[in-house]
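Encoded as structure tokens, the structure appears first; notes follow it.
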Amino acid sequence: MKKIITTTKAPAPIGPYNQAVLSGNTLYTSGQIALDPNTGELILDSIEIETKQVMENMKEVLAAAKMTFENVVKTSIFISDMNQFADINKVYGSYFNEETAPARETVEVANLPKFVNVEISMIAIK
Ligand SMILES: C=C(N)C(=O)O
């Protein structure tokens, strides 16, 4: 069974995808970028602020499926510049307990939608 998860508290999709899909007990989220859900504007003031907006968006997507970051088992981080790895890590890490942090990969890519600097997707289990 596939249940589409949507919330107005996170940015609306900017393409042919949903914010998240629940299959059984497993939630697959789309990648979040630093769009402000209220204005539709990008929040790119600094890499820290951008990463925080991504994580806040993701928090709302998880909440729409009645989950929290504690439910997350795997994340994928796409970044435009590996030199920003440490700053992104600092903000990202503040959302998780170090002992129970999810598995993840971080990859540098040539470009991201709307030319943002960071996009994060997650898999969570109920
Ligand atoms: C922002 C996205 N998740 C996308 O364009 O796929």
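Chains: A, B, ... in order of the structure tokens. Residues: from 1 per chain. Ligands: from 1, in order shown.
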
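Using only C-alpha atoms and all ligand atoms, we find that the residues with an atom at most 9 Å from any atom of ligand 1 are Pro13, Ile14, Gly15, Pro16, Tyr17, Asn18, Gln19, Thr29, Ser30, Gly31, Gln32, Ile33, Leu112, Pro113, Lys114, Glu119, Ile120 and Ser121 of chain A.
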
Got a sec: who's within 12 Å of Glu56 in chain A, counting only C-alpha atoms, leaving out chain neighbours fewer than 6 positions off, as a PDB file with N, CA and C atoms, in the first residue's frame?
```pdb
ATOM      1  N   LYS A   9       2.910  22.750   5.613  1.00  0.00           N
ATOM      2  CA  LYS A   9       3.962  23.311   6.481  1.00  0.00           C
ATOM      3  C   LYS A   9       5.358  23.117   5.902  1.00  0.00           C
ATOM      4  N   ALA A  10       5.443  22.367   4.814  1.00  0.00           N
ATOM      5  CA  ALA A  10       6.717  22.221   4.088  1.00  0.00           C
ATOM      6  C   ALA A  10       6.469  22.693   2.658  1.00  0.00           C
ATOM      7  N   PRO A  11       7.538  23.033   1.944  1.00  0.00           N
ATOM      8  CA  PRO A  11       7.352  23.555   0.582  1.00  0.00           C
ATOM      9  C   PRO A  11       6.593  22.597  -0.325  1.00  0.00           C
ATOM     10  N   GLN A  32      14.545  17.648   0.205  1.00  0.00           N
ATOM     11  CA  GLN A  32      14.120  18.998   0.574  1.00  0.00           C
ATOM     12  C   GLN A  32      15.245  19.981   0.261  1.00  0.00           C
ATOM     13  N   ILE A  33      14.845  21.125  -0.259  1.00  0.00           N
ATOM     14  CA  ILE A  33      15.778  22.234  -0.427  1.00  0.00           C
ATOM     15  C   ILE A  33      15.250  23.397   0.417  1.00  0.00           C
ATOM     16  N   ALA A  34      16.012  24.463   0.502  1.00  0.00           N
ATOM     17  CA  ALA A  34      15.712  25.524   1.473  1.00  0.00           C
ATOM     18  C   ALA A  34      14.652  26.504   0.990  1.00  0.00           C
ATOM     19  N   LEU A  35      13.516  25.961   0.578  1.00  0.00           N
ATOM     20  CA  LEU A  35      12.399  26.842   0.221  1.00  0.00           C
ATOM     21  C   LEU A  35      11.604  27.169   1.480  1.00  0.00           C
ATOM     22  N   ASP A  36      11.232  28.410   1.621  1.00  0.00           N
ATOM     23  CA  ASP A  36      10.346  28.815   2.707  1.00  0.00           C
ATOM     24  C   ASP A  36       8.927  28.398   2.307  1.00  0.00           C
ATOM     25  N   PRO A  37       8.268  27.548   3.126  1.00  0.00           N
ATOM     26  CA  PRO A  37       6.942  27.059   2.727  1.00  0.00           C
ATOM     27  C   PRO A  37       5.897  28.174   2.656  1.00  0.00           C
ATOM     28  N   ILE A  43      15.847  30.290   1.010  1.00  0.00           N
ATOM     29  CA  ILE A  43      16.551  30.888   2.155  1.00  0.00           C
ATOM     30  C   ILE A  43      18.020  30.497   2.013  1.00  0.00           C
ATOM     31  N   ILE A  49      22.203  28.571   7.600  1.00  0.00           N
ATOM     32  CA  ILE A  49      20.773  28.940   7.559  1.00  0.00           C
ATOM     33  C   ILE A  49      20.053  28.109   6.499  1.00  0.00           C
ATOM     34  N   GLU A  50      20.729  27.901   5.384  1.00  0.00           N
ATOM     35  CA  GLU A  50      20.133  27.077   4.318  1.00  0.00           C
ATOM     36  C   GLU A  50      19.893  25.646   4.806  1.00  0.00           C
ATOM     37  N   LEU A  62       8.146  14.864   8.083  1.00  0.00           N
ATOM     38  CA  LEU A  62       8.103  13.727   9.004  1.00  0.00           C
ATOM     39  C   LEU A  62       6.873  13.821   9.908  1.00  0.00           C
ATOM     40  N   ALA A  63       6.606  15.031  10.409  1.00  0.00           N
ATOM     41  CA  ALA A  63       5.463  15.232  11.308  1.00  0.00           C
ATOM     42  C   ALA A  63       4.148  14.907  10.598  1.00  0.00           C
ATOM     43  N   THR A  68       9.249  11.632  13.691  1.00  0.00           N
ATOM     44  CA  THR A  68      10.242  12.641  14.057  1.00  0.00           C
ATOM     45  C   THR A  68      11.597  12.181  13.515  1.00  0.00           C
ATOM     46  N   PHE A  69      12.632  12.962  13.779  1.00  0.00           N
ATOM     47  CA  PHE A  69      13.971  12.559  13.344  1.00  0.00           C
ATOM     48  C   PHE A  69      14.412  11.251  14.015  1.00  0.00           C
ATOM     49  N   VAL A  91      25.050  21.749  11.508  1.00  0.00           N
ATOM     50  CA  VAL A  91      23.605  22.002  11.610  1.00  0.00           C
ATOM     51  C   VAL A  91      22.840  20.681  11.552  1.00  0.00           C
ATOM     52  N   TYR A  92      23.155  19.864  10.582  1.00  0.00           N
ATOM     53  CA  TYR A  92      22.497  18.546  10.415  1.00  0.00           C
ATOM     54  C   TYR A  92      22.600  17.746  11.715  1.00  0.00           C
ATOM     55  N   SER A  94      22.857  18.645  14.700  1.00  0.00           N
ATOM     56  CA  SER A  94      22.110  19.168  15.850  1.00  0.00           C
ATOM     57  C   SER A  94      20.682  18.610  15.891  1.00  0.00           C
ATOM     58  N   TYR A  95      20.248  17.966  14.823  1.00  0.00           N
ATOM     59  CA  TYR A  95      18.888  17.404  14.790  1.00  0.00           C
ATOM     60  C   TYR A  95      18.855  15.935  15.220  1.00  0.00           C
ATOM     61  N   ILE A 120      18.496  17.377   0.918  1.00  0.00           N
ATOM     62  CA  ILE A 120      18.539  16.196   1.796  1.00  0.00           C
ATOM     63  C   ILE A 120      17.252  15.400   1.652  1.00  0.00           C
TER      64      ILE A 120
END
```

Practice task
Any chance you could list, as a ChimeraX atom specification, the residues in range 5-124 of chain A that come up strand (DSSP E) when DSSP is run on the backbone?
Solution key: /A:5,20-23,26-29,72-79,103-108,118-124

Mind writing the picked residues with N, CA and C atoms as a compact mmCIF listing (two decimals), in the first residue's frame?
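Result file follows (again18.txt):
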```txt
# COMPACT_ATOMS: atom_id res chain seq x y z
N ILE A 5 2.00 11.43 1.36
CA ILE A 5 2.05 12.33 2.52
C ILE A 5 2.25 13.75 2.01
N ALA A 20 6.41 13.14 0.31
CA ALA A 20 6.83 11.85 0.88
C ALA A 20 5.80 10.80 0.51
N VAL A 21 6.26 9.56 0.53
CA VAL A 21 5.37 8.42 0.26
C VAL A 21 5.59 7.41 1.39
N LEU A 22 4.49 6.99 1.99
CA LEU A 22 4.54 5.97 3.04
C LEU A 22 4.17 4.62 2.41
N SER A 23 5.05 3.65 2.58
CA SER A 23 4.79 2.30 2.07
C SER A 23 4.90 1.37 3.28
N THR A 26 7.29 2.28 6.22
CA THR A 26 8.48 2.99 5.77
C THR A 26 8.10 4.27 5.02
N LEU A 27 8.72 5.37 5.44
CA LEU A 27 8.47 6.66 4.80
C LEU A 27 9.67 7.02 3.93
N TYR A 28 9.40 7.31 2.68
CA TYR A 28 10.44 7.78 1.75
C TYR A 28 10.16 9.25 1.48
N THR A 29 11.06 10.12 1.85
CA THR A 29 10.83 11.54 1.59
C THR A 29 11.54 11.96 0.32
N VAL A 72 14.13 8.29 11.71
CA VAL A 72 14.92 8.27 10.47
C VAL A 72 16.04 7.24 10.55
N VAL A 73 16.11 6.38 9.53
CA VAL A 73 17.14 5.33 9.51
C VAL A 73 18.22 5.59 8.46
N LYS A 74 17.91 6.43 7.47
CA LYS A 74 18.89 6.66 6.39
C LYS A 74 18.67 8.04 5.80
N THR A 75 19.73 8.74 5.55
CA THR A 75 19.60 10.03 4.87
C THR A 75 20.58 10.10 3.69
N SER A 76 20.23 10.92 2.74
CA SER A 76 21.12 11.20 1.61
C SER A 76 21.30 12.71 1.54
N ILE A 77 22.55 13.13 1.51
CA ILE A 77 22.84 14.57 1.45
C ILE A 77 23.58 14.85 0.14
N PHE A 78 23.05 15.78 -0.59
CA PHE A 78 23.66 16.21 -1.85
C PHE A 78 24.11 17.66 -1.66
N ILE A 79 25.37 17.91 -1.93
CA ILE A 79 25.88 19.26 -1.72
C ILE A 79 26.64 19.73 -2.96
N ALA A 103 22.04 6.16 9.28
CA ALA A 103 23.05 5.94 8.26
C ALA A 103 22.89 7.05 7.22
N ARG A 104 23.93 7.30 6.44
CA ARG A 104 23.78 8.35 5.43
C ARG A 104 24.93 8.30 4.44
N GLU A 105 24.72 8.97 3.31
CA GLU A 105 25.85 9.28 2.44
C GLU A 105 25.78 10.76 2.11
N THR A 106 26.95 11.32 1.84
CA THR A 106 27.01 12.72 1.41
C THR A 106 27.81 12.76 0.12
N VAL A 107 27.20 13.34 -0.91
CA VAL A 107 27.90 13.42 -2.19
C VAL A 107 27.88 14.84 -2.72
N GLU A 108 29.00 15.21 -3.32
CA GLU A 108 29.04 16.51 -4.00
C GLU A 108 28.55 16.30 -5.44
N VAL A 118 22.43 22.68 -0.94
CA VAL A 118 22.23 21.42 -0.21
C VAL A 118 20.81 20.91 -0.41
N GLU A 119 20.70 19.61 -0.62
CA GLU A 119 19.40 18.93 -0.70
C GLU A 119 19.52 17.65 0.11
N ILE A 120 18.50 17.38 0.92
CA ILE A 120 18.54 16.20 1.80
C ILE A 120 17.25 15.40 1.65
N SER A 121 17.39 14.08 1.53
CA SER A 121 16.23 13.19 1.55
C SER A 121 16.43 12.17 2.67
N MET A 122 15.34 11.56 3.10
CA MET A 122 15.41 10.64 4.24
C MET A 122 14.50 9.44 4.04
N ILE A 123 14.84 8.37 4.74
CA ILE A 123 13.98 7.20 4.87
C ILE A 123 13.74 7.01 6.37
N ALA A 124 12.49 6.85 6.73
CA ALA A 124 12.15 6.71 8.15
C ALA A 124 11.21 5.51 8.33
```
